[in-house]
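Visitor: Quick one: the structure is below, questions incoming.
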Amino acid sequence: MKTAEQWFSEYAVSHQHPTNKLIHWFAVPVIYITVLGLLWQIPMPFAGLAEQGINWALLLVLPALVFYFLLSFSIGLGMTIFTAAAVTLLRALEQQSVLQIWQWSLLVFVVMWVFQFVGHKIEGKKPSFFQDLAFLLIGPAWLLGFILKRLHIRY
């Protein structure tokens with residue numbers, strides 16, 4: 001497996017332009033949350049899990065978090081905290097929203113991807129995930145890497 005620095009270096013190749021980077025700072029975390037939202041209300045085949053508040057988003061985020069912990073403990077911990085915040089937000093939206101979570105998520109997901117593609121048009125390079133789908137997981141970790149460096153936390 002590649003190290004976090006190797007992944008981040010490859011990802012950075014198509015994320016040099018300041019406008020593209022700025023777009024990514026907003027769009028990538030929101031896309032992460034909306035993907036969880038899109039999975040949030042898919043019916044669970046096991047009634048017992050659903051009654052416990054477990055859904056597809058929670059189950060499918062676990063392998064992603066394992067991937068982040070394999071990159072580094074700091075990144076894994078940071079992504080776990082971010083995921084917990086996203087789940088808290090989705091639970092709150094579920095209770096108070098006029099729209100279903102999947103409807104809100106789909107709308108915001110599409111808008112954020114439009115911004116992402118505009119950013120890459122400005123950059124003049126295709127999104128990294130066209131090269132390797134694993135880059136869909138690297139985007140949030142890449143941003144977290146900047147935050148960790150700013151806080152002088154090694155990863």
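Numbering starts fresh at 1 for the residues of each chain in the structure tokens, the chains themselves are lettered A, B, ... in the order given, and ligands are numbered from 1 as they appear.
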Can you list, as a PyMOL selection string, all residues belonging to stretch 26-151 of chain A that DSSP tags as alpha helix (DSSP H)?

Guide: chain A and resi 26-40+47-51+56-71+73-96+101-123+135-150

Visitor: Find the spatial neighbours of stretch 77-86 of chain A, counting only C-alpha atoms, within a cut-off of 10 Å - ignore same-chain residues fewer than 4 positions away - and output them as a PyMOL selection string.

Guide: chain A and resi 29-30+32-34+36-37+58+61-62+64-66+68-69+72-73+90-92+140-141+144-145+147-148

Visitor: Do you have the atom CA of A:Ile138-atom CA of A:Gln100 distance handy?

Guide: 28.3 Å

Visitor: Any idea what's packed within 8 Å of A:Trp40, counting only C-alpha atoms, ignoring anything in its chain fewer than 2 positions away? Could you give it as a list of chain:residue names?

Guide: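 Those residues are A:Leu36, A:Gly37, A:Leu38, A:Ile42, A:Asn55, A:Trp56, A:Ala57, A:Leu58, A:Ile101, A:Trp102.
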
Visitor: May I have the residues from that selection written out with all heavy atoms, as a PDB file, in the first residue's frame?

Guide:
```pdb
ATOM      1  N   LEU A  36     -22.637   9.826   2.343  1.00  0.00           N
ATOM      2  CA  LEU A  36     -23.248   9.171   3.507  1.00  0.00           C
ATOM      3  C   LEU A  36     -24.762   9.377   3.480  1.00  0.00           C
ATOM      4  O   LEU A  36     -25.525   8.457   3.748  1.00  0.00           O
ATOM      5  CB  LEU A  36     -22.659   9.723   4.805  1.00  0.00           C
ATOM      6  CG  LEU A  36     -21.192   9.417   5.084  1.00  0.00           C
ATOM      7  CD1 LEU A  36     -20.749  10.097   6.379  1.00  0.00           C
ATOM      8  CD2 LEU A  36     -20.931   7.934   5.127  1.00  0.00           C
ATOM      9  N   GLY A  37     -25.193  10.585   3.121  1.00  0.00           N
ATOM     10  CA  GLY A  37     -26.621  10.882   3.052  1.00  0.00           C
ATOM     11  C   GLY A  37     -27.344  10.068   1.999  1.00  0.00           C
ATOM     12  O   GLY A  37     -28.496   9.663   2.196  1.00  0.00           O
ATOM     13  N   LEU A  38     -26.686   9.822   0.875  1.00  0.00           N
ATOM     14  CA  LEU A  38     -27.306   9.014  -0.179  1.00  0.00           C
ATOM     15  C   LEU A  38     -27.488   7.563   0.266  1.00  0.00           C
ATOM     16  O   LEU A  38     -28.419   6.883  -0.154  1.00  0.00           O
ATOM     17  CB  LEU A  38     -26.471   9.078  -1.461  1.00  0.00           C
ATOM     18  CG  LEU A  38     -26.526  10.419  -2.196  1.00  0.00           C
ATOM     19  CD1 LEU A  38     -25.459  10.473  -3.280  1.00  0.00           C
ATOM     20  CD2 LEU A  38     -27.909  10.662  -2.779  1.00  0.00           C
ATOM     21  N   ILE A  42     -31.312   3.948   2.594  1.00  0.00           N
ATOM     22  CA  ILE A  42     -31.526   2.698   1.878  1.00  0.00           C
ATOM     23  C   ILE A  42     -31.982   1.665   2.909  1.00  0.00           C
ATOM     24  O   ILE A  42     -31.326   1.480   3.940  1.00  0.00           O
ATOM     25  CB  ILE A  42     -30.244   2.218   1.162  1.00  0.00           C
ATOM     26  CG1 ILE A  42     -29.820   3.222   0.101  1.00  0.00           C
ATOM     27  CG2 ILE A  42     -30.466   0.823   0.544  1.00  0.00           C
ATOM     28  CD1 ILE A  42     -28.484   2.919  -0.547  1.00  0.00           C
ATOM     29  N   ASN A  55     -27.429   1.884   9.673  1.00  0.00           N
ATOM     30  CA  ASN A  55     -27.877   1.959   8.283  1.00  0.00           C
ATOM     31  C   ASN A  55     -26.690   1.679   7.353  1.00  0.00           C
ATOM     32  O   ASN A  55     -25.578   1.444   7.812  1.00  0.00           O
ATOM     33  CB  ASN A  55     -28.521   3.322   8.003  1.00  0.00           C
ATOM     34  CG  ASN A  55     -27.582   4.465   8.280  1.00  0.00           C
ATOM     35  OD1 ASN A  55     -26.397   4.421   7.980  1.00  0.00           O
ATOM     36  ND2 ASN A  55     -28.105   5.527   8.867  1.00  0.00           N
ATOM     37  N   TRP A  56     -26.956   1.731   6.049  1.00  0.00           N
ATOM     38  CA  TRP A  56     -25.904   1.423   5.070  1.00  0.00           C
ATOM     39  C   TRP A  56     -24.753   2.415   5.131  1.00  0.00           C
ATOM     40  O   TRP A  56     -23.594   2.043   4.927  1.00  0.00           O
ATOM     41  CB  TRP A  56     -26.487   1.343   3.664  1.00  0.00           C
ATOM     42  CG  TRP A  56     -27.252   0.088   3.438  1.00  0.00           C
ATOM     43  CD1 TRP A  56     -28.602  -0.043   3.294  1.00  0.00           C
ATOM     44  CD2 TRP A  56     -26.713  -1.236   3.363  1.00  0.00           C
ATOM     45  NE1 TRP A  56     -28.944  -1.358   3.133  1.00  0.00           N
ATOM     46  CE2 TRP A  56     -27.795  -2.120   3.175  1.00  0.00           C
ATOM     47  CE3 TRP A  56     -25.430  -1.765   3.456  1.00  0.00           C
ATOM     48  CZ2 TRP A  56     -27.634  -3.497   3.060  1.00  0.00           C
ATOM     49  CZ3 TRP A  56     -25.265  -3.134   3.351  1.00  0.00           C
ATOM     50  CH2 TRP A  56     -26.356  -3.987   3.152  1.00  0.00           C
ATOM     51  N   ALA A  57     -25.042   3.659   5.409  1.00  0.00           N
ATOM     52  CA  ALA A  57     -23.973   4.659   5.496  1.00  0.00           C
ATOM     53  C   ALA A  57     -22.984   4.279   6.599  1.00  0.00           C
ATOM     54  O   ALA A  57     -21.762   4.316   6.394  1.00  0.00           O
ATOM     55  CB  ALA A  57     -24.556   6.042   5.757  1.00  0.00           C
ATOM     56  N   LEU A  58     -23.518   3.901   7.743  1.00  0.00           N
ATOM     57  CA  LEU A  58     -22.653   3.541   8.865  1.00  0.00           C
ATOM     58  C   LEU A  58     -21.859   2.268   8.591  1.00  0.00           C
ATOM     59  O   LEU A  58     -20.689   2.157   8.977  1.00  0.00           O
ATOM     60  CB  LEU A  58     -23.481   3.396  10.143  1.00  0.00           C
ATOM     61  CG  LEU A  58     -24.197   4.667  10.604  1.00  0.00           C
ATOM     62  CD1 LEU A  58     -25.064   4.376  11.825  1.00  0.00           C
ATOM     63  CD2 LEU A  58     -23.210   5.779  10.893  1.00  0.00           C
ATOM     64  N   ILE A 101     -33.423  12.811   3.559  1.00  0.00           N
ATOM     65  CA  ILE A 101     -31.960  12.932   3.531  1.00  0.00           C
ATOM     66  C   ILE A 101     -31.422  12.650   2.132  1.00  0.00           C
ATOM     67  O   ILE A 101     -30.559  13.368   1.632  1.00  0.00           O
ATOM     68  CB  ILE A 101     -31.307  11.961   4.548  1.00  0.00           C
ATOM     69  CG1 ILE A 101     -31.703  12.344   5.966  1.00  0.00           C
ATOM     70  CG2 ILE A 101     -29.799  11.939   4.391  1.00  0.00           C
ATOM     71  CD1 ILE A 101     -31.198  13.671   6.436  1.00  0.00           C
ATOM     72  N   TRP A 102     -31.930  11.617   1.473  1.00  0.00           N
ATOM     73  CA  TRP A 102     -31.388  11.275   0.154  1.00  0.00           C
ATOM     74  C   TRP A 102     -31.686  12.374  -0.861  1.00  0.00           C
ATOM     75  O   TRP A 102     -30.877  12.615  -1.759  1.00  0.00           O
ATOM     76  CB  TRP A 102     -31.907   9.912  -0.325  1.00  0.00           C
ATOM     77  CG  TRP A 102     -33.351   9.896  -0.738  1.00  0.00           C
ATOM     78  CD1 TRP A 102     -34.429   9.594   0.037  1.00  0.00           C
ATOM     79  CD2 TRP A 102     -33.870  10.229  -2.029  1.00  0.00           C
ATOM     80  NE1 TRP A 102     -35.580   9.717  -0.687  1.00  0.00           N
ATOM     81  CE2 TRP A 102     -35.276  10.098  -1.961  1.00  0.00           C
ATOM     82  CE3 TRP A 102     -33.294  10.614  -3.240  1.00  0.00           C
ATOM     83  CZ2 TRP A 102     -36.099  10.346  -3.056  1.00  0.00           C
ATOM     84  CZ3 TRP A 102     -34.117  10.862  -4.319  1.00  0.00           C
ATOM     85  CH2 TRP A 102     -35.505  10.723  -4.230  1.00  0.00           C
TER      86      TRP A 102
END
```

Visitor: Measuring atom to atom with only C-alpha atoms, identify which of A:Trp104, A:Trp142, A:Tyr155, A:Trp113 is nearest to A:Ile23.

Guide: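 For A:Ile23, the nearest of the candidates is A:Trp113.
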
Visitor: Using only C-alpha atoms, can you tell me which of A:Ala47, A:Val13, A:Leu60, A:Leu151 comes closest to A:Val35?

Guide: A:Leu60
